[in-house]
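Peer 1: So here's entry.tsv (TSV, C-alpha atoms).
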```tsv
chain	number	residue	atom	x	y	z
K	1	MET	CA	21.65	91.83	4.39
K	2	GLU	CA	22.67	88.18	4.13
K	3	TYR	CA	20.48	85.45	5.59
K	4	ASN	CA	21.88	82.55	7.65
K	5	LYS	CA	25.42	83.11	6.42
K	6	TRP	CA	27.90	80.58	7.78
K	7	VAL	CA	29.88	81.86	10.74
K	8	ALA	CA	33.06	80.56	9.10
K	9	ASP	CA	32.40	82.79	6.07
K	10	LEU	CA	31.73	86.03	7.94
K	11	GLU	CA	33.84	89.07	7.05
K	12	VAL	CA	34.16	92.58	8.40
K	13	GLY	CA	31.30	94.70	7.10
K	14	ASP	CA	28.84	91.84	6.63
K	15	GLU	CA	25.29	92.55	7.73
K	16	ILE	CA	23.45	89.35	8.59
K	17	GLU	CA	20.15	88.03	9.84
K	18	GLY	CA	19.08	84.51	10.67
K	19	PHE	CA	19.05	81.65	13.13
K	20	TYR	CA	22.03	80.60	15.21
K	21	ILE	CA	22.83	78.73	18.42
K	22	LEU	CA	23.41	80.83	21.53
K	23	LYS	CA	26.56	79.27	22.98
K	24	SER	CA	26.91	81.64	25.92
K	25	ALA	CA	25.28	84.81	27.21
K	26	GLN	CA	26.10	87.15	30.05
K	27	VAL	CA	24.65	90.57	30.83
K	28	LYS	CA	27.38	92.96	31.95
K	29	THR	CA	27.74	96.67	32.67
K	30	SER	CA	29.81	98.94	30.42
K	31	ASN	CA	32.07	101.76	31.60
K	32	ASN	CA	29.22	104.23	31.12
K	33	GLY	CA	27.01	102.23	33.47
K	34	LYS	CA	24.71	100.78	30.80
K	35	PRO	CA	23.95	97.06	30.47
K	36	PHE	CA	25.25	95.07	27.50
K	37	LEU	CA	25.08	91.47	26.43
K	38	ALA	CA	28.35	89.58	25.94
K	39	ALA	CA	27.57	86.42	24.01
K	40	ALA	CA	28.90	83.80	21.65
K	41	VAL	CA	26.77	82.51	18.79
K	42	ALA	CA	27.42	79.58	16.51
K	43	ASP	CA	26.32	77.41	13.68
K	44	ARG	CA	27.79	74.16	12.46
K	45	SER	CA	30.75	75.96	10.88
K	46	GLY	CA	32.03	77.82	13.91
K	47	THR	CA	31.54	80.33	16.72
K	48	ILE	CA	31.80	84.11	16.91
K	49	ASP	CA	31.72	86.49	19.88
K	50	ALA	CA	28.80	88.92	19.90
K	51	LYS	CA	27.90	92.13	21.71
K	52	PHE	CA	24.55	93.88	22.12
K	53	TRP	CA	25.01	97.38	23.56
K	54	ASP	CA	22.38	99.07	25.74
K	55	TYR	CA	20.74	95.68	26.11
K	56	GLY	CA	17.44	95.15	27.89
K	57	GLY	CA	16.50	91.56	26.99
K	58	PRO	CA	14.77	89.23	26.38
K	59	VAL	CA	17.61	86.75	25.72
K	60	GLY	CA	19.94	85.81	28.58
K	61	VAL	CA	21.84	82.99	30.20
K	62	GLN	CA	18.65	80.92	30.42
K	63	GLU	CA	18.64	80.65	26.61
K	64	GLU	CA	22.16	79.21	26.37
K	65	GLY	CA	22.20	76.17	24.13
K	66	THR	CA	19.01	77.14	22.28
K	67	VAL	CA	18.24	78.60	18.85
K	68	ILE	CA	17.96	82.37	18.59
K	69	LYS	CA	17.16	84.74	15.74
K	70	LEU	CA	19.46	87.71	15.36
K	71	ARG	CA	20.37	90.66	13.20
K	72	GLY	CA	23.76	92.31	13.32
K	73	ALA	CA	26.92	93.56	11.64
K	74	VAL	CA	30.39	92.04	11.67
K	75	SER	CA	33.24	94.19	12.94
K	76	GLU	CA	36.77	93.56	14.18
K	77	TYR	CA	38.11	94.03	17.71
K	78	ARG	CA	41.78	93.45	18.55
K	79	GLY	CA	42.25	91.39	15.43
K	80	THR	CA	39.24	89.15	16.02
K	81	LEU	CA	35.86	89.22	14.33
K	82	GLN	CA	32.86	90.03	16.48
K	83	LEU	CA	29.19	90.49	15.82
K	84	ILE	CA	27.48	93.71	16.92
K	85	LEU	CA	23.82	92.84	17.39
K	86	SER	CA	20.87	95.13	16.73
K	87	ARG	CA	18.00	92.63	17.12
K	88	LEU	CA	17.76	89.40	19.08
K	89	ARG	CA	15.02	87.03	20.22
K	90	PRO	CA	14.49	83.33	21.03
K	91	ALA	CA	13.33	81.15	18.15
K	92	GLN	CA	9.59	80.57	18.07
K	93	GLU	CA	7.54	77.49	17.25
K	94	ASP	CA	6.49	78.76	13.84
K	95	ASP	CA	10.03	79.76	12.80
K	96	ARG	CA	11.54	77.73	9.99
K	97	TYR	CA	15.19	76.77	10.16
K	98	ASP	CA	17.32	73.67	9.54
K	99	LEU	CA	18.67	72.42	12.85
K	100	GLY	CA	21.23	70.30	10.98
K	101	GLU	CA	22.84	73.52	9.75
K	102	LEU	CA	23.21	74.87	13.28
K	103	VAL	CA	24.34	72.15	15.67
K	104	PRO	CA	27.98	71.06	15.40
K	105	VAL	CA	28.38	67.30	15.09
K	106	ALA	CA	31.49	65.12	15.40
K	107	PRO	CA	33.02	64.36	11.98
K	108	ILE	CA	32.73	60.60	12.44
K	109	ASP	CA	30.35	57.81	11.54
K	110	THR	CA	28.69	57.48	14.94
K	111	ASP	CA	27.30	53.99	14.44
K	112	ALA	CA	30.62	52.66	13.12
K	113	GLY	CA	32.52	54.38	15.93
K	114	TRP	CA	30.26	52.90	18.59
K	115	ARG	CA	30.65	49.41	17.08
K	116	GLU	CA	34.43	49.84	17.03
K	117	LEU	CA	34.46	50.82	20.69
K	118	LEU	CA	32.30	47.82	21.63
K	119	ASP	CA	34.61	45.57	19.59
K	120	MET	CA	37.53	46.90	21.63
K	121	VAL	CA	35.66	45.94	24.79
K	122	GLU	CA	35.06	42.43	23.46
K	123	GLY	CA	38.73	42.25	22.48
K	124	LEU	CA	39.91	42.67	26.06
K	125	GLY	CA	41.62	39.45	27.12
K	126	ASP	CA	40.91	39.99	30.81
K	127	GLY	CA	37.36	38.85	31.50
K	128	ASP	CA	36.97	41.04	34.59
K	129	TYR	CA	37.88	44.28	32.84
K	130	ARG	CA	35.73	43.25	29.90
K	131	ALA	CA	32.74	42.61	32.16
K	132	VAL	CA	33.08	45.96	33.95
K	133	CYS	CA	33.27	47.83	30.64
K	134	ARG	CA	30.19	46.03	29.37
K	135	LYS	CA	28.27	46.79	32.55
K	136	VAL	CA	29.16	50.48	32.69
K	137	LEU	CA	28.55	51.07	28.96
K	138	GLU	CA	25.17	49.35	29.26
K	139	ARG	CA	24.30	51.91	31.94
K	140	TYR	CA	25.43	54.96	29.94
K	141	GLY	CA	25.34	53.73	26.34
K	142	ASP	CA	22.64	55.86	24.70
K	143	ARG	CA	23.78	59.10	26.32
K	144	PHE	CA	27.47	58.23	25.93
K	145	ARG	CA	27.01	58.01	22.16
K	146	THR	CA	25.38	61.39	21.76
K	147	ILE	CA	26.60	63.98	24.28
K	148	PRO	CA	29.45	66.42	23.62
K	149	GLY	CA	32.83	65.79	25.17
K	150	GLY	CA	32.86	69.18	26.90
K	151	LYS	CA	31.04	72.46	27.44
K	152	SER	CA	33.50	74.63	25.53
K	153	MET	CA	37.12	73.47	25.87
K	154	HIS	CA	37.27	70.66	23.29
K	155	HIS	CA	34.94	68.19	21.55
K	156	SER	CA	32.02	70.44	22.50
K	157	PHE	CA	29.82	69.08	19.70
K	158	LEU	CA	27.28	66.28	19.48
K	159	ASN	CA	28.88	62.81	19.64
K	160	GLY	CA	32.05	64.50	20.91
K	161	LEU	CA	32.47	62.19	23.91
K	162	LEU	CA	32.30	59.12	21.67
K	163	MET	CA	34.83	60.61	19.24
K	164	HIS	CA	37.23	61.64	22.03
K	165	THR	CA	37.02	58.21	23.68
K	166	LEU	CA	37.37	56.31	20.41
K	167	TYR	CA	40.46	58.23	19.30
K	168	MET	CA	42.03	57.79	22.72
K	169	ALA	CA	41.28	54.06	22.74
K	170	ARG	CA	43.02	53.68	19.37
K	171	ILE	CA	46.10	55.47	20.74
K	172	ALA	CA	46.02	53.38	23.91
K	173	ASP	CA	45.83	50.13	21.97
K	174	HIS	CA	48.81	51.16	19.84
K	175	LEU	CA	50.99	52.35	22.72
K	176	ALA	CA	50.26	49.23	24.76
K	177	GLY	CA	51.92	47.30	21.92
K	178	VAL	CA	54.93	49.63	21.97
K	179	TYR	CA	55.50	49.11	25.71
K	180	PRO	CA	54.31	45.53	26.40
K	181	GLU	CA	56.95	44.96	29.09
K	182	VAL	CA	55.58	47.88	31.14
K	183	VAL	CA	51.90	48.26	30.25
K	184	ASN	CA	48.99	45.92	30.89
K	185	ARG	CA	47.05	46.45	27.66
K	186	ASP	CA	43.66	45.37	29.06
K	187	LEU	CA	43.89	47.73	32.04
K	188	LEU	CA	45.00	50.63	29.85
K	189	VAL	CA	42.32	50.15	27.18
K	190	ALA	CA	39.56	49.51	29.74
K	191	GLY	CA	40.52	52.62	31.71
K	192	THR	CA	40.65	54.67	28.51
K	193	ILE	CA	37.20	53.54	27.38
K	194	LEU	CA	35.68	54.41	30.75
K	195	HIS	CA	37.75	57.48	31.69
K	196	ASP	CA	35.09	60.12	30.86
K	197	VAL	CA	31.96	58.00	31.04
K	198	ALA	CA	30.47	59.89	33.99
K	199	LYS	CA	30.31	63.08	31.93
K	200	CYS	CA	26.92	61.58	31.12
K	201	ASP	CA	25.93	62.51	34.69
K	202	GLU	CA	28.12	65.60	34.96
K	203	PHE	CA	26.59	67.58	32.09
K	204	VAL	CA	23.18	69.17	31.71
K	205	THR	CA	22.25	69.41	28.04
K	206	SER	CA	19.80	71.59	26.13
K	207	PRO	CA	16.97	70.17	24.01
K	208	LEU	CA	19.47	70.38	21.15
K	209	GLY	CA	21.89	68.12	23.01
K	210	LEU	CA	24.55	70.77	23.68
K	211	VAL	CA	26.06	71.20	27.14
K	212	THR	CA	24.60	74.20	28.96
K	213	GLU	CA	25.83	73.69	32.52
K	214	TYR	CA	27.00	71.18	35.09
K	215	SER	CA	24.63	69.13	37.21
K	216	VAL	CA	24.62	69.45	41.00
K	217	LYS	CA	26.50	66.14	41.28
K	218	GLY	CA	28.81	67.29	38.52
K	219	GLU	CA	29.72	70.41	40.48
K	220	LEU	CA	30.01	68.64	43.84
K	221	LEU	CA	31.74	65.44	42.74
K	222	GLY	CA	32.90	65.72	39.11
K	223	HIS	CA	33.11	63.02	36.46
K	224	LEU	CA	36.32	61.49	37.81
K	225	VAL	CA	34.77	60.63	41.17
K	226	MET	CA	31.40	59.63	39.71
K	227	GLY	CA	33.13	57.45	37.12
K	228	ALA	CA	35.15	55.70	39.82
K	229	GLN	CA	31.94	55.14	41.78
K	230	ALA	CA	30.29	53.57	38.73
K	231	VAL	CA	33.28	51.25	38.28
K	232	ALA	CA	33.25	50.32	41.97
K	233	GLU	CA	29.53	49.52	41.83
K	234	ALA	CA	29.92	47.42	38.69
K	235	GLY	CA	32.93	45.60	40.12
K	236	LYS	CA	31.08	44.78	43.33
K	237	GLU	CA	28.00	43.57	41.46
K	238	LEU	CA	30.13	41.39	39.18
K	239	GLY	CA	32.32	40.10	42.00
K	240	ILE	CA	35.64	40.95	40.36
K	241	PRO	CA	38.83	40.95	42.49
K	242	GLU	CA	39.15	44.08	44.61
K	243	GLU	CA	42.62	44.93	43.28
K	244	LYS	CA	41.36	45.05	39.70
K	245	SER	CA	38.45	47.26	40.69
K	246	VAL	CA	40.72	49.61	42.62
K	247	LEU	CA	43.21	49.80	39.73
K	248	LEU	CA	40.46	50.68	37.30
K	249	GLN	CA	39.10	53.29	39.71
K	250	HIS	CA	42.60	54.73	40.02
K	251	MET	CA	42.77	55.08	36.24
K	252	LEU	CA	39.67	57.28	36.25
K	253	LEU	CA	40.58	59.27	39.36
K	254	SER	CA	44.06	60.16	38.08
K	255	HIS	CA	43.52	60.69	34.36
K	256	HIS	CA	43.83	64.50	34.61
K	257	GLY	CA	47.41	63.90	35.65
K	258	ASP	CA	47.82	66.41	38.45
K	259	PRO	CA	45.52	67.77	41.17
K	260	ALA	CA	46.16	71.25	39.79
K	261	PHE	CA	44.31	70.13	36.65
K	262	GLY	CA	41.50	68.34	38.46
K	263	ALA	CA	42.96	64.91	39.17
K	264	ALA	CA	41.75	63.37	42.42
K	265	VAL	CA	45.10	61.57	42.81
K	266	ARG	CA	48.33	61.50	40.82
K	267	PRO	CA	48.96	58.59	38.41
K	268	VAL	CA	51.16	56.02	40.15
K	269	CYS	CA	51.22	53.13	37.68
K	270	ALA	CA	52.38	52.95	34.09
K	271	GLU	CA	48.85	52.58	32.72
K	272	SER	CA	47.42	55.59	34.56
K	273	GLU	CA	50.46	57.69	33.61
K	274	LEU	CA	49.97	56.79	29.97
K	275	LEU	CA	46.22	57.41	30.12
K	276	SER	CA	46.74	60.95	31.43
K	277	MET	CA	49.15	61.65	28.56
K	278	ILE	CA	46.81	60.17	25.94
K	279	ASP	CA	43.98	62.34	27.25
K	280	LEU	CA	46.22	65.39	26.99
K	281	ILE	CA	47.29	64.48	23.45
K	282	ASP	CA	43.78	64.05	22.10
K	283	SER	CA	42.31	67.09	23.82
K	284	ARG	CA	45.16	69.35	22.68
K	285	MET	CA	45.07	68.06	19.11
K	286	GLU	CA	41.34	68.84	18.94
K	287	ILE	CA	41.99	72.34	20.32
K	288	TYR	CA	44.65	72.83	17.63
K	289	LYS	CA	42.23	71.59	14.97
K	290	GLU	CA	39.37	73.84	16.07
K	291	THR	CA	41.67	76.87	16.36
K	292	MET	CA	43.40	76.35	13.01
K	293	GLU	CA	40.07	76.08	11.21
K	294	GLU	CA	39.61	79.79	11.92
K	295	LEU	CA	43.16	80.83	10.97
K	296	GLU	CA	44.60	81.94	7.67
K	297	VAL	CA	47.73	80.09	6.53
K	298	GLY	CA	50.81	81.91	7.78
K	299	SER	CA	49.06	83.57	10.72
K	300	PHE	CA	49.06	83.25	14.49
K	301	SER	CA	45.99	82.84	16.65
K	302	LYS	CA	45.17	85.02	19.61
K	303	ARG	CA	46.11	83.45	22.94
K	304	VAL	CA	44.33	80.11	23.29
K	305	PHE	CA	43.24	79.85	26.91
K	306	ALA	CA	43.39	76.05	27.08
K	307	LEU	CA	46.93	75.99	25.66
K	308	ASP	CA	48.11	79.19	27.41
K	309	LYS	CA	49.75	80.42	24.19
K	310	LYS	CA	49.21	81.47	20.61
K	311	ILE	CA	49.51	78.87	17.85
K	312	TYR	CA	50.71	79.15	14.25
K	313	ARG	CA	49.09	77.71	11.16
K	314	HIS	CA	51.73	76.79	8.62
K	315	GLN	CA	51.36	75.81	4.96
```
Could you rewrite the structure in this file as structure tokens?

Peer 2:
Amino acid sequence: MEYNKWVADLEVGDEIEGFYILKSAQVKTSNNGKPFLAAAVADRSGTIDAKFWDYGGPVGVQEEGTVIKLRGAVSEYRGTLQLILSRLRPAQEDDRYDLGELVPVAPIDTDAGWRELLDMVEGLGDGDYRAVCRKVLERYGDRFRTIPGGKSMHHSFLNGLLMHTLYMARIADHLAGVYPEVVNRDLLVAGTILHDVAKCDEFVTSPLGLVTEYSVKGELLGHLVMGAQAVAEAGKELGIPEEKSVLLQHMLLSHHGDPAFGAAVRPVCAESELLSMIDLIDSRMEIYKETMEELEVGSFSKRVFALDKKIYRHQ
């Protein structure tokens, strides 16, 4: 029996016990009519699917995003490791574990990244776009710095939203210089910095800071609409020209590119078109990174839902 073994180091046949994060949990019914728990557990090194057969509790969906103590054995199912659990309970107050070993955190210097993003805001030549960015980031700043960028798709670790936004802003700044005759740099960079800001209102987070579900407003409106509302409110309060406010709102409303992928409207200007592509680039590169971390060199992954295909890790 190994204690608190890293998820990334698990191998078939390992028997483990220890503390992990419950990423997801759903009680289902097997073919023989008995309940079982389908879950995913994680530490800072990665995530593994888990099953608990003939399950009667006490852990369920209400514990998602919290620390649990488990015992189980590692097996393989359709080429993928999974954990077959034999014991499971929520962590208790007198349990001793290192939270820093469990919660995944963005691989960036958070303070330096936040300063860099604020410097980009101050570097905007257009005073109206600069003022709106200041105003909106003042509203969301503390939460913006710390929350994940998603629930499970990509950047689903602490400080993930900051990392995602920072990397995108760097790309936007570079590409604005490549296409200066087509792209208004200040509009593109401002829209990029603010594009996901309303995820601060869209997500509900656990005491550990991980996303557990979507808020009521998040479900009913979504971060694109709520972000555009925040921009509209800031623009009205600051008295910026209506066209600039509407353009910036359009950037946020269209950054998913197509209504089939959640966009409220399609991009219809060069800056919004480019923003939707930059968002796609950064999200897909993070998905590649997270998937390849679990692959051996020279092997293919299983189908990656977000990419709708398998990927290959080369030398």

Peer 1: What's around Ala230 in chain K at 9 Å? Count only C-alpha atoms, leave out sequence neighbours fewer than 6 positions away in its own chain, and write the answer as a list in words.

Peer 2: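 What passes the distance filter is Val136, Ala198 and Gln249 of chain K.
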
Peer 1: Let me make sure I understand: among K:Leu117, K:Leu220, K:Ile16, K:Val27, which one has the smallest atom-to-atom distance to Asp173 in chain K if we use only C-alpha atoms?

Peer 2: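 Counting only C-alpha atoms, the residue closest to Asp173 in chain K is K:Leu117.
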
Peer 1: Go through K:Pro241, K:Gly123, K:Pro207, K:Gly149 one by one, measure the shortest atom-to-atom distance of each to Arg185 in chain K using only C-alpha atoms, and give the residue with the smallest value.

Peer 2: K:Gly123

Peer 1: For the point (27.1, 86.9, 24.6) in file coordinates, what residues are within 7 Å, counting all atoms listed in the file? Give the answer as a JSON list (two decimals) with C-alpha atoms, in the coordinates of the input?

Peer 2:
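Saved to result-v2.json:
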```
[["chain", "number", "residue", "atom", "x", "y", "z"],
["K", 24, "SER", "CA", 26.91, 81.64, 25.92],
["K", 25, "ALA", "CA", 25.28, 84.81, 27.21],
["K", 26, "GLN", "CA", 26.10, 87.15, 30.05],
["K", 37, "LEU", "CA", 25.08, 91.47, 26.43],
["K", 38, "ALA", "CA", 28.35, 89.58, 25.94],
["K", 39, "ALA", "CA", 27.57, 86.42, 24.01],
["K", 40, "ALA", "CA", 28.90, 83.80, 21.65],
["K", 49, "ASP", "CA", 31.72, 86.49, 19.88],
["K", 50, "ALA", "CA", 28.80, 88.92, 19.90],
["K", 51, "LYS", "CA", 27.90, 92.13, 21.71]]
```

Peer 1: Could you check which of K:His255, K:Arg78, K:Arg89, K:Arg44 is closest to Pro58 in chain K, using all atoms listed in the file?

Peer 2: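 Selected residue with least distance to Pro58 in chain K: K:Arg89.
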
Peer 1: Nearest residue to Ala91 in chain K out of K:Ile21, K:Asn32, K:Met292, K:Gly160, using only C-alpha atoms?

Peer 2: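 Checking each candidate against Ala91 in chain K, we get K:Ile21 as the closest.
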
Peer 1: Mind pulling up the distance from CA of Arg87 in chain K to CA of Arg71 in chain K?

Peer 2: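 Answer for the CA of Arg71 in chain K to CA of Arg87 in chain K separation: 5.0 Å.
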
Peer 1: Select, from K:Ser245, K:Ser272, K:Ser75, K:Ser156, the residue with the minimum atom-to-atom distance to Val182 in chain K, counting only C-alpha atoms.

Peer 2: K:Ser272

Peer 1: Go through K:Lys309, K:Asp201, K:Ala176, K:Glu219 and flag the residue nearest Ile278 in chain K, using all atoms listed in the file for the distances.

Peer 2: K:Ala176

Peer 1: If I take CA of Glu138 in chain K and CA of His154 in chain K, how far is one from the other in Å, to one decimal?

Peer 2: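 Interatomic distance here is 25.2 Å.
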
Peer 1: Could you check how far CA of Glu17 in chain K sits from CA of Thr80 in chain K, in Å to one decimal?

Peer 2: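 So the two atoms, CA of Glu17 in chain K and CA of Thr80 in chain K, lie 20.1 Å apart.
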
Peer 1: Edge lengths and centre, in Å to one decimal, as lines of an AutoDock Vina configuration file: that's what I need for the box along x, y and z that holds all listed atoms of range 58-68 of chain K plus 5 Å on each side.

Peer 2:
```
center_x = 18.5
center_y = 82.7
center_z = 24.5
size_x = 17.4
size_y = 23.1
size_z = 21.8
```

Peer 1: Find the spatial neighbours of Gly209 in chain K, counting only C-alpha atoms, within a cut-off of 12 Å - ignore same-chain residues fewer than 4 positions away - and output them as a PyMOL selection string.

Peer 2: chain K and resi 21+64-67+99+102-105+143-151+156-160+200+203-205+213

Peer 1: If we count all atoms listed in the file, what is near Trp114 in chain K at a cut-off of 12 Å, once residues fewer than 3 positions away on the same chain are taken out, given as an MDAnalysis selection string?

Peer 2: chainID K and resid 108:111 117:121 137 141:146 159:167 169 193

Peer 1: Only N, CA and C atoms needed: put range 139-151 of chain K from the block into a file as a PDB file, in the first residue's frame.

Peer 2:
```pdb
ATOM      1  N   ARG K 139     -13.160  45.979 -10.657  1.00  0.00           N
ATOM      2  CA  ARG K 139     -14.352  45.279 -10.160  1.00  0.00           C
ATOM      3  C   ARG K 139     -14.057  43.808  -9.896  1.00  0.00           C
ATOM      4  N   TYR K 140     -13.286  43.173 -10.780  1.00  0.00           N
ATOM      5  CA  TYR K 140     -13.087  41.725 -10.701  1.00  0.00           C
ATOM      6  C   TYR K 140     -11.698  41.307 -10.232  1.00  0.00           C
ATOM      7  N   GLY K 141     -10.799  42.249 -10.038  1.00  0.00           N
ATOM      8  CA  GLY K 141      -9.380  41.970  -9.872  1.00  0.00           C
ATOM      9  C   GLY K 141      -8.994  40.805  -8.997  1.00  0.00           C
ATOM     10  N   ASP K 142      -9.410  40.801  -7.723  1.00  0.00           N
ATOM     11  CA  ASP K 142      -8.975  39.756  -6.797  1.00  0.00           C
ATOM     12  C   ASP K 142      -9.410  38.375  -7.263  1.00  0.00           C
ATOM     13  N   ARG K 143     -10.649  38.259  -7.690  1.00  0.00           N
ATOM     14  CA  ARG K 143     -11.164  36.958  -8.143  1.00  0.00           C
ATOM     15  C   ARG K 143     -10.565  36.590  -9.494  1.00  0.00           C
ATOM     16  N   PHE K 144     -10.386  37.566 -10.363  1.00  0.00           N
ATOM     17  CA  PHE K 144      -9.806  37.341 -11.689  1.00  0.00           C
ATOM     18  C   PHE K 144      -8.420  36.709 -11.579  1.00  0.00           C
ATOM     19  N   ARG K 145      -7.662  37.108 -10.592  1.00  0.00           N
ATOM     20  CA  ARG K 145      -6.295  36.606 -10.420  1.00  0.00           C
ATOM     21  C   ARG K 145      -6.250  35.155  -9.968  1.00  0.00           C
ATOM     22  N   THR K 146      -7.291  34.701  -9.290  1.00  0.00           N
ATOM     23  CA  THR K 146      -7.181  33.412  -8.608  1.00  0.00           C
ATOM     24  C   THR K 146      -8.003  32.282  -9.213  1.00  0.00           C
ATOM     25  N   ILE K 147      -9.136  32.566  -9.858  1.00  0.00           N
ATOM     26  CA  ILE K 147     -10.018  31.470 -10.261  1.00  0.00           C
ATOM     27  C   ILE K 147      -9.460  30.702 -11.451  1.00  0.00           C
ATOM     28  N   PRO K 148      -9.873  29.449 -11.604  1.00  0.00           N
ATOM     29  CA  PRO K 148      -9.501  28.678 -12.801  1.00  0.00           C
ATOM     30  C   PRO K 148     -10.104  29.301 -14.055  1.00  0.00           C
ATOM     31  N   GLY K 149      -9.568  28.879 -15.196  1.00  0.00           N
ATOM     32  CA  GLY K 149     -10.095  29.367 -16.465  1.00  0.00           C
ATOM     33  C   GLY K 149     -11.266  28.547 -16.966  1.00  0.00           C
ATOM     34  N   GLY K 150     -11.547  27.402 -16.325  1.00  0.00           N
ATOM     35  CA  GLY K 150     -12.655  26.554 -16.746  1.00  0.00           C
ATOM     36  C   GLY K 150     -12.950  25.504 -15.689  1.00  0.00           C
ATOM     37  N   LYS K 151     -14.047  24.792 -15.900  1.00  0.00           N
ATOM     38  CA  LYS K 151     -14.429  23.722 -14.962  1.00  0.00           C
ATOM     39  C   LYS K 151     -13.647  22.451 -15.243  1.00  0.00           C
TER      40      LYS K 151
END
```
